[in-house]
Every structure is written in structure tokens, then in C-alpha cells.
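Chemist: My questions all concern the structure below.
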Amino acid sequence: MTRRQLWLRFIAHLDRPLLLGISLLLATSLLVLYSADNASMDRPLAQMRNIVVAMTCMWLVANLPLHYLMRTAVPIYVLGMVLLVGVALFGEISHGARRWLNLGVANLQPSELMKIGVPLMMAWYFEKHEATLTLKNYFIAALLLLMPIALIARQPDLGTSLLILASGFYVLFLAGLSWRVMGVLLVAAIASAPVMWPMLHEYQRHRIKMLFDPSQDALGNGYHTIQATIAVGSGGILGKGYLNGTQTHLDFLPERTTDFIFAVYSEEFGLLGSLILLALYSFVIWRGFAITGNASTYFTRLMAGSITLTFATYTFVNMGMVSGILPVVGVPLPLISYGGTSMLTLLLGFGMLMSIETHKKLVRS
Amino acid sequence: MKKHVEFKNHQREIFHFQLRLVVSIGFVLVLLAILLVRFIYLQAARHNYYQTLAESNRISIVPIVPNRGLILDRNGVVLARNYSGYTLEINQSKTSDTEAVINDLSSLIEITPKDRKRFKKLLAESRSFETLMIRSRLSDEEVARFAAQQYRFPGIEIKARLFRDYPSGEKTSHLIGYIGRINETDAAQLEENNLAANYRGSDYIGKTGLEQSYENELHGTTGIEQVEVDAGGRAVRLLSHTAPVPGNTLVLSIDARLQEIAEQSFGNYRGALVAIDPNNGQVLAFVSKPGYDPNPFIDGIDSQSWDELNNSPDVPLNNRALRGQYPPGSTIKPFMALAGLNFNIRKPEQTINDPGVFYLPGSSRQYRDWKAGGHGSVNMFKAIQMSCDTYFYGLATELGIDNISNYLSRFGFGNKTGIDMEGETSGLLPSQEWKAKRYQQIWYPGDTVSVGIGQGYSLVTPLQLAFATATLANDGIAYKPHLVKEVRSSLGAEKRLIASEPVYDLNIDPAHLELVRSAMVAVTQPGGTAVYASLGAPYHIAGKTGTAQVIAMKQGEKYDEKAVDERHRDHAWFIAFAPAEKPRIALAVLAENGGHGSSTAAPIARKVLDYYLLGKVPKPLPDVKEKEGIEHD
């Protein structure tokens with residue numbers, strides 16, 4: 001085998017447009033992290049390590065044929081549920097929430113696993129009952145969704161549980177849940193809001209209240225939102241220039257390598273930069289939808305659609321949070337925020353998309 | 001068939017899915033559009049607003065408080081200074097339960113109940129974002145002890161600050177005054193005078209005395225540092241720096257040693273002394289007894305100590321020299337004599353007979369001389385020397401109140417002297433208009449009789465009387481009295497002298513001056529009312545005793561010192577200048593409830609003169625027993 005043939009086989013299952021979009025976003029991540037960490041290489045290098053690990057996993061998943069992918073659904077879901085119960089019983093408390101499971105070698109956050117595990121399980125379930133779908137099947141799928149969400153919401157982790165709820169809902173939606181049922185659910189959700197309110201934790205209620213008026217608590221919880229909005233707004237059309245963001249470098253921005261990294265980017269690169277970034281995300285999302293449209297099986301269509309929509313949702317929620325139109329719920333900016341777990345989860349998802357795109361020819365042929 | 005159904009199902013399913021996909025894409029487009037609009041709103045439409053917010057986040061203007069100017073006496077003795085020390089301060093915005101924190105702190109650093117009371121008062125008066133002092137003057141050991149535990153006390157910090165200190169304490173309290181924390185009234189005043197900017201960062205302002213009247217000189221110009229700060233408020237980078245200009249140094253005309261001797265000479269008497277250099281109006285001593293320690297006022301005196309001072313029957317907070325108003329008594333007689341000569345009512349050699357009592361024409365009301373049986377045949381010289389009341393009853397009656405009032409006002413009676421200290425009172429020089437206005441009554445001839453010997457409605461301050469005496473000593477050329485001799489800039493050697501030009505010349509006939517001044521010298525010579533005052537003095541003292549009545553005597557009643565309560569005894573006056581031939585110092589002494597000028601006020605004056613003219617430091621002298629008869633006023 002020549003070197004070229006080896007290379008072609010190596011990249012055979014990587015979707016090039018998707019890889020291009022992802023790579024540009026990851027490059028942006030390293031660039032912004034360098035600035036966000038006050039011109040230190042610590043974070044960019046650590047992020048580089050995260051990227052290498054996650055890219056390897058993505059490559060592996062992309063090369064995994066679809067029937068293998070489907071087979072992992074039940075084990076991953078069951079493992080996820082066991083771990084979630086484990087967290088509820090023995091988890092470590094940090095920042096007032098029980099999210100982590102100490103496995104001796106590493107701390108594991110099982111809710112991250114479920115971001116993939118839940119839609120995977122639901123898509124698998126719908127594929128199994130594809131021929132004879134009734135309302136009962138939708139009900140069971142919804143149950144598969146709500147069980148882990150109940151456990152995650154209890155931790156409490158409102159942001160993650162809402163996002164998993166969204167990704168699961170996308171599966172239900174794409175699987176053809178009738179508009180009428182969705183209408184009823186929507187009405188029920190609105191009606192249950194007054195009931196849910198007292199069940200929320202104080203800090204969650206506070207965050208929601210802050211959404212409507214962050215200035216009420218300028219030194220407390222509203223501080224994050226206000227400072228981030230100032231950073232974005234003061235960036236102007238062209239931005240303050242790379243490494244010149246005053247909000248960033250004078251420590252006014254909180255969580256600036258993780259959840260609020262978009263404020264750093266936006267302050268230094270301005271509206272122009274924001275639009276470029278938005279275009280990059282749109283490109284990745286567009287590619288995701290294209291793969292979804294081309295997907296050959298029911299399972300892959302549901303999976304690809306859910307992954308793409310979830311990615312779009314993360315992007316919207318994070319940017320909305322940083323620019324002050326959504327409450328602070330602790331969602332990282334996909335592919336750009338610093339963090340190994342979310343990077344891994346996202347690239348696993350993209351690996352699946354690539355697998356779906358590149359293996360369908362094999363299925364057809 | 002089965003295959004067909006499946007195919008159909010498949011087709012329908014694909015169609016349904018693609019419909020859902022289109023809806024999804026639409027949903028995502030809406031989300032992206034929302035972000036797009038938001039970014040344009042923040043970064044284009046509202047950019048200026050957020051730009052300003054970011055700048056004000058970033059740049060902090062830090063005022064640098066200038067060092068307050070020093071106050072020195074004429075010989076360089078320090079009367080007000082600054083020293084650096086450590087204070088324990090609390091940042092209110094970072095501390096919710098100050099009470100609990102202070103309780104906690106008291107296990108580390110001694111916090112007395114007085115400190116707590118003062119802090120409570122500060123807290124009540126403060127603006128909410130200020131840092132407030134809990135304790136001042138921490139020892140090095142206390143600083144070290146706190147530093148080790150500082151992490152336990154967020155919002156509490158130790159600061160190095162400059163403190164004001166008045167080393168001579170009580171002795172110069174009424175002269176120097178004190179500074180205190182800027183309260184709301186002060187802040188409003190500063191705002192009104194457009195001085196608020198220069199007081200950013202300043203905690204203190206002059207409240208009384210020279211600290212108040214020379215506030216503008218002493219404060220200095222506040223410096224400004226523009227610093228870039230991070231979110232924790234820590235300075236990251238200095239952007240610009242304008243150094244503060246320290247306050248100017250005041251050099252007083254006061255001689256601190258003379259002031260001290262005058263102060264001590266009062267013994268237990270309350271009263272006031274003002275000594276002026278008649279040649280230029282420089283005030284040499286400015287005493288009001290009792291004084292108070294001004295130091296506790298700087299950081300807010302606790303209410304208990306304040307009540308003690310404020311409710312004391314001795315009224316130590318009253319500046320008697322500046323604000324105390326007393327009838328001048330017989331000290332007015334030299335000035336009355338000059339008025340008589342000026343209006344040609346009396347010739348110097350003209351004599352009257354004093355039977356010991358005076359009647360207004362057609363009245364049976366008795367105006368008695370202090371000496372039963374009278375002084376017999378009396379001319380002007382003798383009238384002053386022996387302080388003959390009857391002579392001046394007649395003189396005043398013939399002058400009439402209008403002439404008296406006009407003439408005495410030229411010596412400054414009834415007007416503020418214009419000394420460089422705030423809060424001066426103007427005394428009272430009665431006139432027909434004044435009485436009509438004040439009492440809606442006409443002026444009676446009897447009123448004029450009392451004015452003739454400095455009683456009745458007449459009131460003067462010790463400062464006024466000293467000023468009038470200095471004018472008399474300086475041949476009728478008046479210099480406005482001033483306490484500050486020069487203002488020195490603390491940086492360069494720039495000096496500014498405080499004006500010494502004469503305010504006006506009374507144009508008194510030298511012959512008239514000569515007569516009155518020689519009569520005043522005779523006062524302190526054998527045969528005068530204050531012979532003791534110049535006993536053994538190698539220079540001549542021109543003087544005049546006086547007594548200010550505290551309680552009115554009924555017609556026919558005789559004043560008996562032994563019978564009246566001490567606080568109802570007469571106030572004793574003595575005015576003097578010396579050397580009589582070429583006066584270098586003029587003064588007025590008031591001893592409250594001192595009885596007779598000759599026995600209490602004159603000895604105080606003598607000690608001051610001896611020190612100023614001879615450099616003689618008085619030995620503690622035995623209390624003078626008054627000599628009956630001769631030294632009676």
C-alpha cells in the first residue's frame with residue numbers, strides 16, 4: 001500500500017466540509033483562549049490536548065460502521081443511568097451541586113455521557129419500532145428521556161437537564177410526534193410553570209429573575225451578565241483588537257475561558273468577528289442538516305438531526321447568555337470554550353455524523 | 001404486496017421527515033437571526049453606551065490627599081502638625097454586620113467603649129460607601145497581630161494615615177481650633193463654593209479657630225492619579241499622575257511662650273487675654289480660659305466627653321477672647337476722656353467737685369461714685385488716675401449719647417475688628433437708634449450716665465478692648481489685628497506677609513493723647529488705682545482698671561463682695577500698654593468674677609508684660625490680697 005493509499009484510507013470516513021468547519025472553530029478556540037488566559041500558553045496547550053484526545057475519538061467513531069453504532073445505544077444508556085444513580089447516592093459535592101463521580105483516577109460527570117446516550121437510545125428505540133409506531137411508542141421514548149433528566153435536574157443541574165431535554169425532544173419531533181400532542185405538551189408546560197417555580201432551587205430562581213433585570217444585583221448574580229454585555233457592546237464594529245480587550249484583561253469578565261469566552265472574542269473582534277463566528281457555526285449546522293437529509297436509515301436520520309439541532313441549541317443558548325438575552329445557565333460555547341468533557345462529547349457527536357455520512361454509501365452499495 | 005406497503009410507508013415517512021427537517025432548519029434560522037439582531041444592537045447601535053461603561057470600569061481616578069499645612073508661632077514653635085500612624089478601618093459596603101465584626105475584632109485589638117461610641121456616631125453621619133475608622137493610633141504590635149488574622153476580616157483594613165496633632169493642647173485650643181470629619185453641612189458648603197473637587201478623598205476640614213479661617217491655605221491642592229484598575233479594584237497601571245500640593249504653613253504673630261505664660265497667669269480664673277503689638281496689629285497672645293483639649297475632636301469626640309464639655313458651667317468651648325461680651329466698666333474712661341477733649345466739653349485743667357454722688361438736673365435719682373464721700377476736687381488727669389465715676393457721669397451727660405456713640409465707634413467699639421478668625425461678635429455700642437430698634441423706647445438721660453462709666457447697655461469683647469487700647473497706644477493709628485503673620489508655601493520658599501498697613505488714623509490731637517496716656521501711667525503709680533501693677537517694674541505701664549457688673553444693684557444697695565455668690569461677683573478688667581513712652585505691647589485682660597481689676601486682672605497683665613519686655617519668666621507668685629482703699633476701682 002502506498003503512502004497515499006494509506007492516507008486516503010485514513011481520511012476516508014472524515015467528512016471534509018464538516019472537518020473544515022470544526023477545525024476553523026477549534027483554531028479560533030486556541031486563539032481566543034490565549035487572550036482569555038492573559039497571553040499565557042497554559043490554557044491553549046491544555047485545550048490542544050483535549051482536542052487531540054477528542055479528535056482521536058471522533059476518528060474512531062467516524063470509522064465505526066452504523067450497526068456497531070446502534071449496538072452501543074443500550075449499553076451506553078444503561079451505563080449512564082447506573083452512573084447517574086451512583087452520583088445521586090455517592091457523588092461529590094462541588095459548588096453546592098452533586099454532579100461528579102470520583103472513580104479514583106478521574107472525576108466523571110455522567111450527565112455529559114447522557115448528552116449522547118439519551119438521543120442515541122431514543123433513536124435506537126424508534127428504529128426498532130419503525131414499522132409500527134403508535135402514540136404508545138412516543139410515550140415510552142419520552143419516558144426514556146425523562147428518567148435521566150429527573151436525576152440530572154435533582155443534582156441540581158438545570159442547564160444540562162434542559163439541554164438533554166431539548167436533544168431528546170428533537171428526536172421525538174423528528175420521529176414525527178404529532179403537532180397536536182406537542183401543542184398539548186406546550187400548554188401543559190406553560191400551565192405547570194407556577195407549580196414548578198417553588199420546586200426550583202433558590203439560586204435557579206434567582207438566575208431566572210436576573211434574566212429580566214440583571215442590574216438589580218450588579219455585584220452578585222447580575223454581575224456576570226452585566227460585565228459580559230459591556231464586553232460585547234464595547235467591542236463595537238471592529239473590536240478592540242486581539243489581546244486588547246479591557247474587560248477581559250482587567251479581570252472584569254468572569255469565567256472567561258469557559259462559559260463567557262464569547263465575550264472575550266466579541267470584545268476583541270467586534271461585530272465583524274461575531275458575524276464571522278456566526279457564519280462558521282451556520283456552516284457547521286448547515287453541513288449537519290445536509291448529512292441528516294442524506295441519511296439512509298431512520299436511526300441515522302433521527303441521530304444526525306438531533307446532533308445538529310442540539311449543536312445549534314448550545315450555540316444559541318451560550319451566545320444568548322453572554323449577550324444578555326438568556327439567563328446564565330452554565331452552557332459552554334461549543335468547540336470554543338475550554339474543557340475536555342464537552343469537547344469530547346461534541347466531537348463524538350460529529351464523529352457519528354461523519355460515520356452516518358460516510359457509511360451510507362457502503363449500506364447502499 | 002407487502003413490499004409495496006412497506007415502500008409506500010417508506011415514501012411517506014421520508015416525506016414526513018423532510019417536512020420536519022425543514023421546520024428544524026427554519027427554527028435554527030430564527031435562533032441565528034435573534035443572535036444577529038442582538039449583536040447588531042449591542043455592538044453597533046449601543047456601542048457608545050457600552051464603551052463608556054467599559055471605560056468607567058477600567059479607569060479609576062484616585063485622589064491623593066495633600067498634607068495639611070503646619071501652624072507655627074512667630075518663633076517657629078509648632079502648634080499644629082501631622083504625624084503618620086496606623087488606623088483600623090472598615091469598608092461598610094463589604095461588611096453587613098459591623099457590630100459583630102467589631103466584637104470579633106476586639107479580641108485582637110483593644111476597642112474601648114469610647115471607640116465604639118465614636119464609631120456609632122460616625123456610622124450614623126456617614127455616606128454609605130465610605131470607609132470608617134474604628135480605631136486610630138495602633139501600636140506596631142497591634143498592626144502585626146491584625147495582619148496575621150486579616151483573612152478573617154474581609155472589609156477591614158489597616159491604613160497608614162496622617163494625623164493632625166495639637167501639641168500645646170488646651171493652651172492654644174481657642175486660637176488654633178481643630179479639624180474634624182467633613183459632615184453633610186461641610187460637604188454642602190464645599191459644593192456651593194465649587195471646592196468639592198479639591199476635597200475628593202479628604203476626610204477632614206477645619207471646624208473652628210485658625211484651622212477654620214485659614215482652611216483654604218492649610219488644605220492644599222489634591223493630586224490626582226488616573227489608574228487602570230481590575231475588577232477587584234486593584235491598581236494595575238498608572239495612566240497619569242498629578243502630584244498634590246501640600247497646604248501652606250501658617251506662621252502666627254502669636255508668641256507661644258507668651259501665650260503659655262498668660263494662660264498660666266490666670267490660675268483658676270476664667271477669662272480672656274488679648275495682647276497686640278500696637279505698631280502693626282499683630283496679635284501676640286490670644287487666650288480664652290478655660291480651654292479644652294482639641295485632639296479628641298479630630299476623629300469625632302464621643303458623646304459623653306462632648307456633653308461634659310458642653311454642659312460645663314465654665315463653658316470651656318466658648319471663645320471668650322473673640323465672642324465673650326462684657327460691659328467695659330471703667331476701662332472705657334480713657335476713651336470717654338478723649339471724646340470729652342475732642343468735642344471740647346472739658347478742658348484738661350478744668351476741675352469738678354465730687355461729693356461722691358451725681359444727680360441729673362431735676363432728678364432725685366442717685367448715681368454714686370465707687371468711693372463713699374467722693375474724691376473732692378477732680379480734673380481729667382485725676383479722674384482717670386483714681387477712676388472717678390462722678391467726673392465721667394457729668395462728662396457723659398454733657399457729651400450726649402450721639403457724640404459718645406460716634407466717637408467710640410472710631411475706636412472700633414460696636415464693630416467687629418475684622419481679625420482673621422471666624423465667629424467674632426461685635427459687642428454693643430448703644431445709641432438712640434439702637435435702643436429704639438431694640439426696645440422701642442426712647443433714650444433716657446439716665447442711660448447716658450451709665451454709659452459714661454462703661455455700664456448700662458455697653459458691651460465689649462476682650463479683643464475689641466485690646467484693639468482700642470492698641471490704637472490708643474499707637475497714637476490713634478489703628479491696625480487691623482491679625483493672628484497670622486505670614487503664609488509660607490511648603491514647597492518653595494515663597495512667603496506672603498499678611499497685611500500690616502494701618503486701617504485708619506483717628507487724627508487725635510497729640511496734646512489730648514499725651515494727657516490721657518500720662519494719666520494712664522499714673523494709674524499704675526502711687527495714687528493710682530493699680531499701683532501694684534507696676535511695682536518694681538523697670539519700665540512704665542499705662543493702664544486702666546475696670547469692673548463689669550454681673551448683677552445689677554438696686555438703688556441704694558451696696559455691693560458687698562463677700563455676700564455674693566462667686567459666680568455673681570463682678571468681672572475684673574485691666575487694659576495696659578508698655579513701655580508707656582514707646583509702646584511695644586497693648587493688652588486687655590478679663591478675669592471673670594475676679595472682683596477688682598487691680599487685684600486679679602492687673603497681675604496677669606504684669607506677668608505678660610514682664611515676659612514680653614524683659615524675658616522674665618514669672619515664679620509662681622502668692623495670691624495677691626487686695627489692698628483695701630487704694631486699689632479700689
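By convention in this document, the chains of the C-alpha cells carry letters A, B, ... by their order, each chain's residues are numbered from 1, and ligands are numbered from 1 in the order they are shown.
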Sort by chain and increasing residue number a table of all residues of chain A within 6 Å of chain B, each with its closest pair of atoms and their distance in Å to one decimal, counting only C-alpha atoms, and write it as a Markdown table.
Modeler:
| residue | atom | partner | partner_atom | distance |
| --- | --- | --- | --- | --- |
| A:Leu174 | CA | B:Arg20 | CA | 5.8 |
| A:Ile230 | CA | B:Tyr50 | CA | 5.2 |
| A:Gly233 | CA | B:Gln43 | CA | 4.5 |
| A:Ser234 | CA | B:Gln51 | CA | 4.2 |
| A:Gly236 | CA | B:Gln43 | CA | 4.3 |
| A:Ile237 | CA | B:Ala44 | CA | 6.0 |
| A:Leu250 | CA | B:Asp230 | CA | 4.3 |
| A:Asp251 | CA | B:Ala231 | CA | 5.3 |
| A:Phe252 | CA | B:Ala231 | CA | 4.6 |
| A:Leu271 | CA | B:Gln43 | CA | 5.8 |
Chemist: Write to file, as a PDB file, in the first residue's frame, the residues of the selection just made, with C-alpha atoms.
Modeler:
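Heads up, here's the output in selection_20.pdb:
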ATOM      1  CA  LEU A 174     -38.058  14.349  14.030  1.00  0.00           C
ATOM      2  CA  ILE A 230     -20.440  45.504  28.474  1.00  0.00           C
ATOM      3  CA  GLY A 233     -21.116  46.091  23.446  1.00  0.00           C
ATOM      4  CA  SER A 234     -17.822  47.917  23.952  1.00  0.00           C
ATOM      5  CA  GLY A 236     -18.056  47.868  18.612  1.00  0.00           C
ATOM      6  CA  ILE A 237     -17.881  47.155  14.891  1.00  0.00           C
ATOM      7  CA  LEU A 250      -8.558  43.602  33.694  1.00  0.00           C
ATOM      8  CA  ASP A 251     -10.438  40.684  35.129  1.00  0.00           C
ATOM      9  CA  PHE A 252     -13.927  42.122  34.817  1.00  0.00           C
ATOM     10  CA  LEU A 271     -19.385  42.861  15.331  1.00  0.00           C
TER      11      LEU A 271
END
Chemist: Could you tell me, as a ChimeraX atom specification, which residues of range 18-181 of chain B DSSP assigns to alpha helix (DSSP H) when given the backbone?
Modeler: /B:18-40,47-58,98-105,113-125,140-149,173-176
Chemist: So how far away is CA of Arg164 in chain B from CA of Leu132 in chain B, in Å?
Modeler: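 CA of Arg164 in chain B lies 17.0 Å from CA of Leu132 in chain B.
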Chemist: Considering only C-alpha atoms, tabulate each residue of range 114-194 of chain A that lies at most 10 Å from range 333-345 of chain A along with its nearest interatomic pair and the corresponding distance in Å to one decimal; arrange the rows by chain and ascending residue number and present them as a Markdown table.
Modeler:
| residue | atom | partner | partner_atom | distance |
| --- | --- | --- | --- | --- |
| A:Met114 | CA | A:Thr345 | CA | 9.4 |
| A:Lys115 | CA | A:Thr345 | CA | 7.5 |
| A:Ile116 | CA | A:Thr345 | CA | 7.1 |
Chemist: What does the distance between CA of Ala160 in chain B and CA of Ala148 in chain B come to in Å, to one decimal place?
Modeler: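 Between these atoms lies a distance of 17.1 Å.
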Chemist: Would you give me, as a PDB file with C-alpha atoms, in the first residue's frame, the residues in range 512-552 of chain B that DSSP reads as strand (DSSP E or B)?
Modeler:
ATOM      1  CA  ALA B 542      -0.002 102.817  81.095  1.00  0.00           C
ATOM      2  CA  GLY B 543      -3.081 101.053  82.370  1.00  0.00           C
ATOM      3  CA  LYS B 544      -6.655 101.280  83.416  1.00  0.00           C
ATOM      4  CA  THR B 545      -8.644  99.045  85.693  1.00  0.00           C
ATOM      5  CA  GLY B 546     -12.278  98.230  85.228  1.00  0.00           C
ATOM      6  CA  THR B 547     -15.103  96.309  86.807  1.00  0.00           C
ATOM      7  CA  ALA B 548     -18.002  94.826  84.928  1.00  0.00           C
TER       8      ALA B 548
END
Chemist: So, with only C-alpha atoms as the atoms that count, which of B:Thr448, B:Asn183, B:Thr242, B:Gln282 lies closest to Leu360 in chain B?
Modeler: B:Thr448
Chemist: Contacts of range 588-595 of chain B at 9 Å or less, counting only C-alpha atoms, minus same-chain residues fewer than 6 places along, as a PyMOL selection string?
Modeler: chain B and resi 266+269-276+321+462-467+469+547-548+550+561+566-577+601-602+604-605
Chemist: Could you please take those selected residues and save N, CA and C atoms as a CSV table (one decimal), in the first residue's frame?
Modeler:
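Saved as again27.csv:
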chain,number,residue,atom,x,y,z
B,266,PHE,N,-3.5,83.1,84.7
B,266,PHE,CA,-4.9,83.2,85.1
B,266,PHE,C,-5.2,82.3,86.3
B,269,TYR,N,-8.7,81.3,87.5
B,269,TYR,CA,-9.8,82.3,86.9
B,269,TYR,C,-10.2,81.9,85.5
B,270,ARG,N,-11.4,82.1,85.2
B,270,ARG,CA,-11.9,82.1,83.8
B,270,ARG,C,-11.7,83.5,83.3
B,271,GLY,N,-11.5,83.5,82.0
B,271,GLY,CA,-11.4,84.9,81.4
B,271,GLY,C,-10.7,84.8,80.1
B,272,ALA,N,-10.2,86.0,79.7
B,272,ALA,CA,-9.5,86.1,78.4
B,272,ALA,C,-8.5,87.2,78.4
B,273,LEU,N,-7.5,87.0,77.5
B,273,LEU,CA,-6.4,88.0,77.4
B,273,LEU,C,-6.1,88.1,75.9
B,274,VAL,N,-6.0,89.3,75.4
B,274,VAL,CA,-5.6,89.6,74.0
B,274,VAL,C,-4.5,90.6,74.1
B,275,ALA,N,-3.3,90.2,73.6
B,275,ALA,CA,-2.2,91.2,73.5
B,275,ALA,C,-1.8,91.4,72.1
B,276,ILE,N,-1.7,92.7,71.8
B,276,ILE,CA,-1.4,93.1,70.4
B,276,ILE,C,-0.2,94.0,70.3
B,321,ALA,N,-12.3,85.4,74.3
B,321,ALA,CA,-11.5,86.5,73.7
B,321,ALA,C,-12.2,87.0,72.4
B,462,PRO,N,-13.1,91.2,74.7
B,462,PRO,CA,-11.7,91.4,75.1
B,462,PRO,C,-10.9,91.8,73.9
B,463,LEU,N,-11.2,91.2,72.7
B,463,LEU,CA,-10.4,91.5,71.5
B,463,LEU,C,-10.6,93.0,71.2
B,464,GLN,N,-11.9,93.5,71.2
B,464,GLN,CA,-12.2,94.9,70.9
B,464,GLN,C,-11.5,95.8,71.8
B,465,LEU,N,-11.5,95.5,73.1
B,465,LEU,CA,-10.8,96.4,74.0
B,465,LEU,C,-9.3,96.4,73.8
B,466,ALA,N,-8.7,95.3,73.5
B,466,ALA,CA,-7.3,95.2,73.2
B,466,ALA,C,-7.0,96.0,72.0
B,467,PHE,N,-7.9,95.9,71.0
B,467,PHE,CA,-7.7,96.7,69.7
B,467,PHE,C,-7.7,98.2,70.0
B,469,THR,N,-7.2,99.7,72.8
B,469,THR,CA,-6.0,100.0,73.6
B,469,THR,C,-4.8,100.2,72.7
B,547,THR,N,-14.3,97.3,86.2
B,547,THR,CA,-15.1,96.3,86.8
B,547,THR,C,-16.4,96.2,86.0
B,548,ALA,N,-16.7,95.0,85.7
B,548,ALA,CA,-18.0,94.8,84.9
B,548,ALA,C,-19.0,94.1,85.9
B,550,VAL,N,-21.9,92.0,87.2
B,550,VAL,CA,-22.6,90.8,86.8
B,550,VAL,C,-24.0,90.9,87.2
B,561,GLU,N,-18.8,92.2,98.3
B,561,GLU,CA,-18.2,91.1,97.6
B,561,GLU,C,-18.4,89.8,98.4
B,566,GLU,N,-19.9,83.4,94.3
B,566,GLU,CA,-18.7,83.6,93.5
B,566,GLU,C,-19.0,83.9,92.0
B,567,ARG,N,-20.0,83.2,91.5
B,567,ARG,CA,-20.2,83.4,90.0
B,567,ARG,C,-21.0,84.7,89.8
B,568,HIS,N,-21.4,85.3,90.9
B,568,HIS,CA,-22.1,86.6,90.7
B,568,HIS,C,-21.2,87.8,91.0
B,569,ARG,N,-20.0,87.5,91.3
B,569,ARG,CA,-19.0,88.6,91.6
B,569,ARG,C,-18.8,89.3,90.3
B,570,ASP,N,-18.3,90.6,90.4
B,570,ASP,CA,-18.0,91.4,89.2
B,570,ASP,C,-16.8,90.8,88.5
B,571,HIS,N,-16.8,91.1,87.1
B,571,HIS,CA,-15.7,90.7,86.3
B,571,HIS,C,-14.7,91.8,86.4
B,572,ALA,N,-13.4,91.4,86.4
B,572,ALA,CA,-12.3,92.3,86.6
B,572,ALA,C,-11.6,92.6,85.2
B,573,TRP,N,-11.4,93.8,84.9
B,573,TRP,CA,-10.8,94.2,83.7
B,573,TRP,C,-9.4,94.9,84.0
B,574,PHE,N,-8.5,94.7,83.1
B,574,PHE,CA,-7.3,95.6,83.1
B,574,PHE,C,-6.8,95.8,81.7
B,575,ILE,N,-6.7,97.0,81.2
B,575,ILE,CA,-6.1,97.3,79.9
B,575,ILE,C,-4.8,98.0,80.2
B,576,ALA,N,-3.8,97.7,79.3
B,576,ALA,CA,-2.5,98.3,79.5
B,576,ALA,C,-1.7,98.4,78.2
B,577,PHE,N,-0.7,99.3,78.2
B,577,PHE,CA,0.3,99.2,77.2
B,577,PHE,C,1.6,99.6,77.8
B,601,ALA,N,-6.9,91.1,87.6
B,601,ALA,CA,-6.5,91.3,86.1
B,601,ALA,C,-5.2,91.9,86.0
B,602,ALA,N,-4.9,92.9,86.8
B,602,ALA,CA,-3.6,93.6,86.6
B,602,ALA,C,-2.4,92.7,86.8
B,604,ILE,N,-2.0,89.6,86.1
B,604,ILE,CA,-1.9,88.8,85.0
B,604,ILE,C,-1.2,89.6,83.9
B,605,ALA,N,-1.7,90.8,83.7
B,605,ALA,CA,-1.1,91.7,82.7
B,605,ALA,C,0.4,91.9,82.9
Chemist: Write out as a compact mmCIF listing (two decimals) with N, CA and C atoms, in the first residue's frame each polymer residue whose atoms come within 8 Å of range 95-110 of chain B, counting only C-alpha atoms; drop sequence neighbours fewer than 6 positions from it.
Modeler:
# COMPACT_ATOMS: atom_id res chain seq x y z
N GLU B 142 -0.05 45.78 67.59
CA GLU B 142 -1.44 45.58 67.18
C GLU B 142 -1.55 45.39 65.68
N ARG B 145 -0.45 41.92 64.89
CA ARG B 145 -1.43 40.92 65.32
C ARG B 145 -2.61 40.85 64.35
N PHE B 146 -3.03 42.04 63.89
CA PHE B 146 -4.15 42.05 62.96
C PHE B 146 -3.73 41.48 61.62
N PHE B 153 -11.13 38.86 58.33
CA PHE B 153 -11.94 40.08 58.38
C PHE B 153 -11.99 40.76 57.02
N PRO B 154 -12.79 40.26 56.11
CA PRO B 154 -12.90 40.95 54.82
C PRO B 154 -13.55 42.32 55.05
N GLY B 155 -13.04 43.31 54.36
CA GLY B 155 -13.61 44.65 54.53
C GLY B 155 -12.97 45.45 55.64
